[in-house]
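Colleague: Just so it is clear, I am handing over structure31.cif, which has mmCIF, C-alpha atoms and all ligand atoms.
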```cif
data_protein
#
loop_
_atom_site.label_atom_id
_atom_site.label_comp_id
_atom_site.auth_asym_id
_atom_site.auth_seq_id
_atom_site.Cartn_x
_atom_site.Cartn_y
_atom_site.Cartn_z
CA MET A 1 79.63 92.13 70.53
CA ILE A 2 82.97 90.55 69.83
CA LYS A 3 84.60 88.40 72.45
CA ARG A 4 88.36 88.06 72.35
CA THR A 5 90.36 85.73 74.59
CA ILE A 6 93.91 86.66 75.50
CA GLU A 7 96.15 83.75 76.39
CA THR A 8 99.15 83.66 78.69
CA THR A 9 101.48 80.71 78.48
CA VAL A 10 103.15 79.55 81.67
CA GLU A 11 105.68 76.74 81.58
CA ILE A 12 105.80 74.78 84.84
CA TYR A 13 109.07 73.14 85.83
CA GLY A 14 110.47 71.24 88.76
CA PHE A 15 113.51 73.16 90.03
CA ASP A 16 115.79 70.26 89.03
CA GLU A 17 114.58 70.42 85.43
CA LEU A 18 115.98 73.93 84.96
CA ASP A 19 119.44 74.54 83.53
CA ALA A 20 122.33 75.58 85.79
CA ALA A 21 122.14 79.29 84.93
CA LYS A 22 118.45 79.46 85.85
CA GLN A 23 118.98 77.47 89.05
CA ARG A 24 121.81 79.83 89.98
CA LEU A 25 119.63 82.90 89.44
CA ILE A 26 116.79 81.44 91.49
CA ASN A 27 119.24 80.58 94.28
CA LYS A 28 120.44 84.18 94.19
CA ALA A 29 116.83 85.39 94.57
CA LYS A 30 116.35 82.94 97.46
CA GLU A 31 119.50 84.19 99.20
CA GLN A 32 118.29 87.74 98.79
CA VAL A 33 115.14 87.28 100.89
CA SER A 34 117.31 87.34 104.00
CA LYS A 35 118.26 90.92 103.09
CA ALA A 36 114.67 92.17 102.85
CA TYR A 37 113.54 94.90 105.20
CA ALA A 38 109.96 93.81 105.83
CA PRO A 39 109.07 94.44 109.49
CA TYR A 40 105.46 95.34 108.63
CA SER A 41 104.41 92.51 106.33
CA ASN A 42 107.00 89.88 107.30
CA PHE A 43 106.80 88.94 103.64
CA HIS A 44 110.38 88.73 102.43
CA VAL A 45 110.96 88.89 98.70
CA GLY A 46 114.15 88.46 96.69
CA ALA A 47 114.68 89.27 93.02
CA ALA A 48 117.74 88.46 90.93
CA ILE A 49 118.47 89.77 87.46
CA GLU A 50 120.91 88.51 84.86
CA LEU A 51 121.92 91.03 82.23
CA GLU A 52 122.91 90.15 78.67
CA ASN A 53 126.55 90.86 79.63
CA GLY A 54 126.39 88.20 82.35
CA GLU A 55 126.31 90.62 85.30
CA ILE A 56 123.93 89.64 88.07
CA PHE A 57 122.08 92.11 90.29
CA ALA A 58 119.77 91.33 93.17
CA GLY A 59 117.33 93.23 95.35
CA SER A 60 114.90 92.69 98.19
CA ASN A 61 111.75 94.50 99.30
CA GLN A 62 112.30 97.62 101.40
CA GLU A 63 109.37 98.66 103.58
CA ASN A 64 108.64 101.90 105.38
CA SER A 65 106.42 102.98 108.27
CA ALA A 66 104.70 105.19 105.68
CA TYR A 67 103.65 102.07 103.78
CA PRO A 68 103.45 103.39 100.19
CA SER A 69 107.02 104.70 100.47
CA GLY A 70 108.40 101.16 100.44
CA LEU A 71 109.39 99.32 97.28
CA CYS A 72 109.08 95.74 96.02
CA ALA A 73 112.12 93.55 95.45
CA GLU A 74 111.60 93.44 91.69
CA ARG A 75 111.73 97.21 91.31
CA VAL A 76 114.67 97.58 93.68
CA ALA A 77 116.62 95.05 91.59
CA MET A 78 115.48 96.32 88.20
CA PHE A 79 116.08 100.01 88.87
CA PHE A 80 119.47 99.18 90.37
CA ALA A 81 120.49 97.10 87.34
CA ASN A 82 119.23 99.69 84.85
CA ALA A 83 120.97 102.47 86.77
CA GLN A 84 124.32 100.63 86.64
CA TYR A 85 124.02 99.46 83.04
CA PRO A 86 121.64 101.77 81.16
CA ASP A 87 122.72 100.29 77.82
CA VAL A 88 122.56 96.58 78.61
CA ALA A 89 119.41 94.51 78.16
CA VAL A 90 118.03 92.23 80.86
CA LYS A 91 118.05 88.54 80.05
CA THR A 92 116.34 86.84 83.00
CA LEU A 93 114.56 87.79 86.22
CA ALA A 94 114.01 85.34 89.10
CA ILE A 95 111.76 86.00 92.13
CA ALA A 96 111.36 84.13 95.41
CA ALA A 97 109.38 84.93 98.57
CA TYR A 98 109.64 83.75 102.17
CA THR A 99 107.17 84.12 105.03
CA ASN A 100 106.34 82.33 108.28
CA GLY A 101 109.62 80.44 108.14
CA ASN A 102 109.21 79.01 104.65
CA PHE A 103 109.55 79.84 101.00
CA LEU A 104 106.15 80.01 99.32
CA GLU A 105 104.96 76.66 98.01
CA GLU A 106 103.33 78.22 94.97
CA PRO A 107 105.32 80.59 92.75
CA VAL A 108 105.32 84.22 93.85
CA THR A 109 103.88 86.57 91.23
CA PRO A 110 104.86 90.23 90.86
CA CYS A 111 102.43 93.03 91.71
CA GLY A 112 100.87 95.20 89.02
CA SER A 113 103.23 98.14 89.52
CA CYS A 114 106.25 95.87 89.16
CA ARG A 115 104.82 94.32 86.01
CA GLN A 116 104.55 97.80 84.52
CA VAL A 117 108.16 98.61 85.40
CA LEU A 118 109.44 95.26 84.12
CA LEU A 119 107.57 95.81 80.85
CA GLU A 120 109.23 99.20 80.39
CA THR A 121 112.66 97.56 80.62
CA GLU A 122 111.67 94.81 78.21
CA GLN A 123 110.43 97.34 75.67
CA ARG A 124 113.26 99.80 76.26
CA PHE A 125 115.85 97.25 75.16
CA GLU A 126 113.54 95.45 72.69
CA LYS A 127 114.64 92.17 74.23
CA GLU A 128 112.38 89.61 75.86
CA ILE A 129 113.04 89.00 79.56
CA THR A 130 112.60 85.41 80.73
CA ILE A 131 110.69 85.40 84.03
CA LEU A 132 111.24 82.70 86.66
CA LEU A 133 108.75 82.63 89.54
CA TYR A 134 109.93 80.33 92.30
CA GLY A 135 107.80 78.14 94.56
CA THR A 136 108.92 75.06 96.46
CA ASN A 137 106.33 72.97 94.56
CA HIS A 138 107.40 74.17 91.13
CA VAL A 139 108.77 77.07 89.11
CA PHE A 140 106.73 79.08 86.61
CA GLN A 141 108.61 80.28 83.55
CA LEU A 142 107.24 82.95 81.23
CA LYS A 143 108.95 83.83 77.99
CA ASN A 144 108.52 87.58 78.42
CA VAL A 145 107.00 90.31 80.60
CA LYS A 146 104.14 90.87 78.16
CA GLN A 147 102.77 87.50 79.26
CA LEU A 148 102.28 89.02 82.71
CA LEU A 149 100.63 92.19 81.49
CA PRO A 150 98.19 91.83 78.62
CA LEU A 151 96.29 94.95 77.52
CA CYS A 152 99.15 96.98 78.89
CA PHE A 153 99.68 100.72 78.84
CA GLU A 154 102.96 101.35 77.03
CA LYS A 155 105.03 104.04 75.36
CA SER A 156 103.06 103.79 72.11
CA SER A 157 99.82 104.35 74.07
CA LEU A 158 100.93 107.95 74.57
CA ASN A 159 100.66 108.62 70.83
CA GLY A 160 96.88 108.37 70.98
N1 LIG B 1 106.35 92.47 97.48
C1 LIG B 1 107.44 92.34 96.68
O1 LIG B 1 108.55 92.78 97.02
N2 LIG B 1 107.28 91.72 95.50
C2 LIG B 1 106.15 91.09 95.11
O2 LIG B 1 106.13 90.50 94.03
C3 LIG B 1 104.95 91.13 95.95
C4 LIG B 1 105.03 92.02 97.13
C5 LIG B 1 106.54 93.09 98.80
C6 LIG B 1 105.93 94.44 99.00
C7 LIG B 1 105.76 94.46 100.50
O3 LIG B 1 106.99 94.82 101.10
C8 LIG B 1 105.48 93.01 100.86
O4 LIG B 1 105.98 92.25 99.77
C9 LIG B 1 104.03 92.69 101.09
O5 LIG B 1 103.24 93.12 100.05
#
```
What would you get if you wrote out this structure as structure tokens?
Modeller:
Amino acid sequence: MIKRTIETTVEIYGFDELDAAKQRLINKAKEQVSKAYAPYSNFHVGAAIELENGEIFAGSNQENSAYPSGLCAERVAMFFANAQYPDVAVKTLAIAAYTNGNFLEEPVTPCGSCRQVLLETEQRFEKEITILLYGTNHVFQLKNVKQLLPLCFEKSSLNG
């Protein structure tokens, strides 16, 4: 038996330690939670994306009475950005979540399906996406999507 350990590196920052561009993107994600449609979970999520060309797109979670038909904020934002600019890489993604009258204290982390979609965009453009996960206590920064999804299924997996 061989045991292999896979490491993920998370950098932990105070909001004030981040540069202005990252603070701006997080603030955009925070603003976006007010636009969520989340009457079933009351869990309001905002995602903001900065493209390499400087354009910023944002999205919020959109729920549905048929629960699986809804979509997370990250995918709403990412699909929207990719649909508008299919040839421009994504530089940074920021996520924030709000429930019971407060932003989460600990950084919100994307669900598995979103991680898979974010990875596709990272690999599609061959450009690492910086991930900023906001919490009121601190912000997690990851240098790419792969950090969020080790042992992933990817395009090359289809080749057998
Ligand atoms: N949700 C997101 O939008 N992003 C996440 O990272 C986690 C979960 C949404 C999906 C659903 O509308 C609600 O939050 C509760 O799961």
Colleague: Using all atoms listed in the file, which residue out of A:Ala97, A:Val45, A:Ile26, A:Cys114 lies closest to Arg75 in chain A?
Modeller: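 Smallest distance to Arg75 in chain A is found for A:Cys114.
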Colleague: Select from range 72-137 of chain A every residue with an atom at most 12 Å from any atom of range 143-154 of chain A, then for each give the shortest pair of atoms and their distance in Å to one decimal, using all atoms listed in the file, rows by chain and rising number, as a Markdown table.
Modeller:
```
| residue | atom | partner | partner_atom | distance |
| --- | --- | --- | --- | --- |
| A:Val90 | CA | A:Asn144 | CA | 10.9 |
| A:Lys91 | CA | A:Asn144 | CA | 9.7 |
| A:Thr92 | CA | A:Asn144 | CA | 9.1 |
| A:Leu93 | CA | A:Val145 | CA | 9.8 |
| A:Thr109 | CA | A:Leu148 | CA | 9.0 |
| A:Pro110 | CA | A:Leu148 | CA | 8.6 |
| A:Cys111 | CA | A:Leu148 | CA | 9.9 |
| A:Gly112 | CA | A:Leu149 | CA | 8.1 |
| A:Ser113 | CA | A:Leu149 | CA | 10.3 |
| A:Cys114 | CA | A:Leu149 | CA | 10.2 |
| A:Arg115 | CA | A:Leu149 | CA | 6.5 |
| A:Gln116 | CA | A:Leu149 | CA | 7.5 |
| A:Val117 | CA | A:Val145 | CA | 9.7 |
| A:Leu118 | CA | A:Val145 | CA | 6.5 |
| A:Leu119 | CA | A:Val145 | CA | 5.5 |
| A:Glu120 | CA | A:Glu154 | CA | 7.4 |
| A:Thr121 | CA | A:Val145 | CA | 9.2 |
| A:Glu122 | CA | A:Val145 | CA | 6.9 |
| A:Gln123 | CA | A:Glu154 | CA | 8.6 |
| A:Arg124 | CA | A:Glu154 | CA | 10.4 |
| A:Glu126 | CA | A:Asn144 | CA | 11.0 |
| A:Lys127 | CA | A:Asn144 | CA | 8.7 |
| A:Glu128 | CA | A:Asn144 | CA | 5.1 |
| A:Ile129 | CA | A:Asn144 | CA | 4.9 |
| A:Thr130 | CA | A:Lys143 | CA | 4.8 |
| A:Ile131 | CA | A:Asn144 | CA | 6.4 |
| A:Leu132 | CA | A:Lys143 | CA | 9.0 |
| A:Leu133 | CA | A:Leu148 | CA | 11.4 |
```
Colleague: My list of candidates is A:Phe43, A:Leu104, A:Glu52, A:Ala36. Which is closest to Val76 in chain A when distances are computed with all atoms listed in the file?
Modeller: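 Result for the nearest residue to Val76 in chain A: A:Ala36.
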Colleague: What does the structure give for the distance between CA of Tyr98 in chain A and CA of Gly46 in chain A, in Å to one decimal?
Modeller: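 Here the two named atoms are 8.5 Å from each other.
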Colleague: Write out as JSON, numbers by chain the residues lying within 9 Å of Asp87 in chain A, counting all atoms listed in the file and excluding same-chain residues fewer than 3 positions away.
Modeller: {"A": [82, 84, 125]}
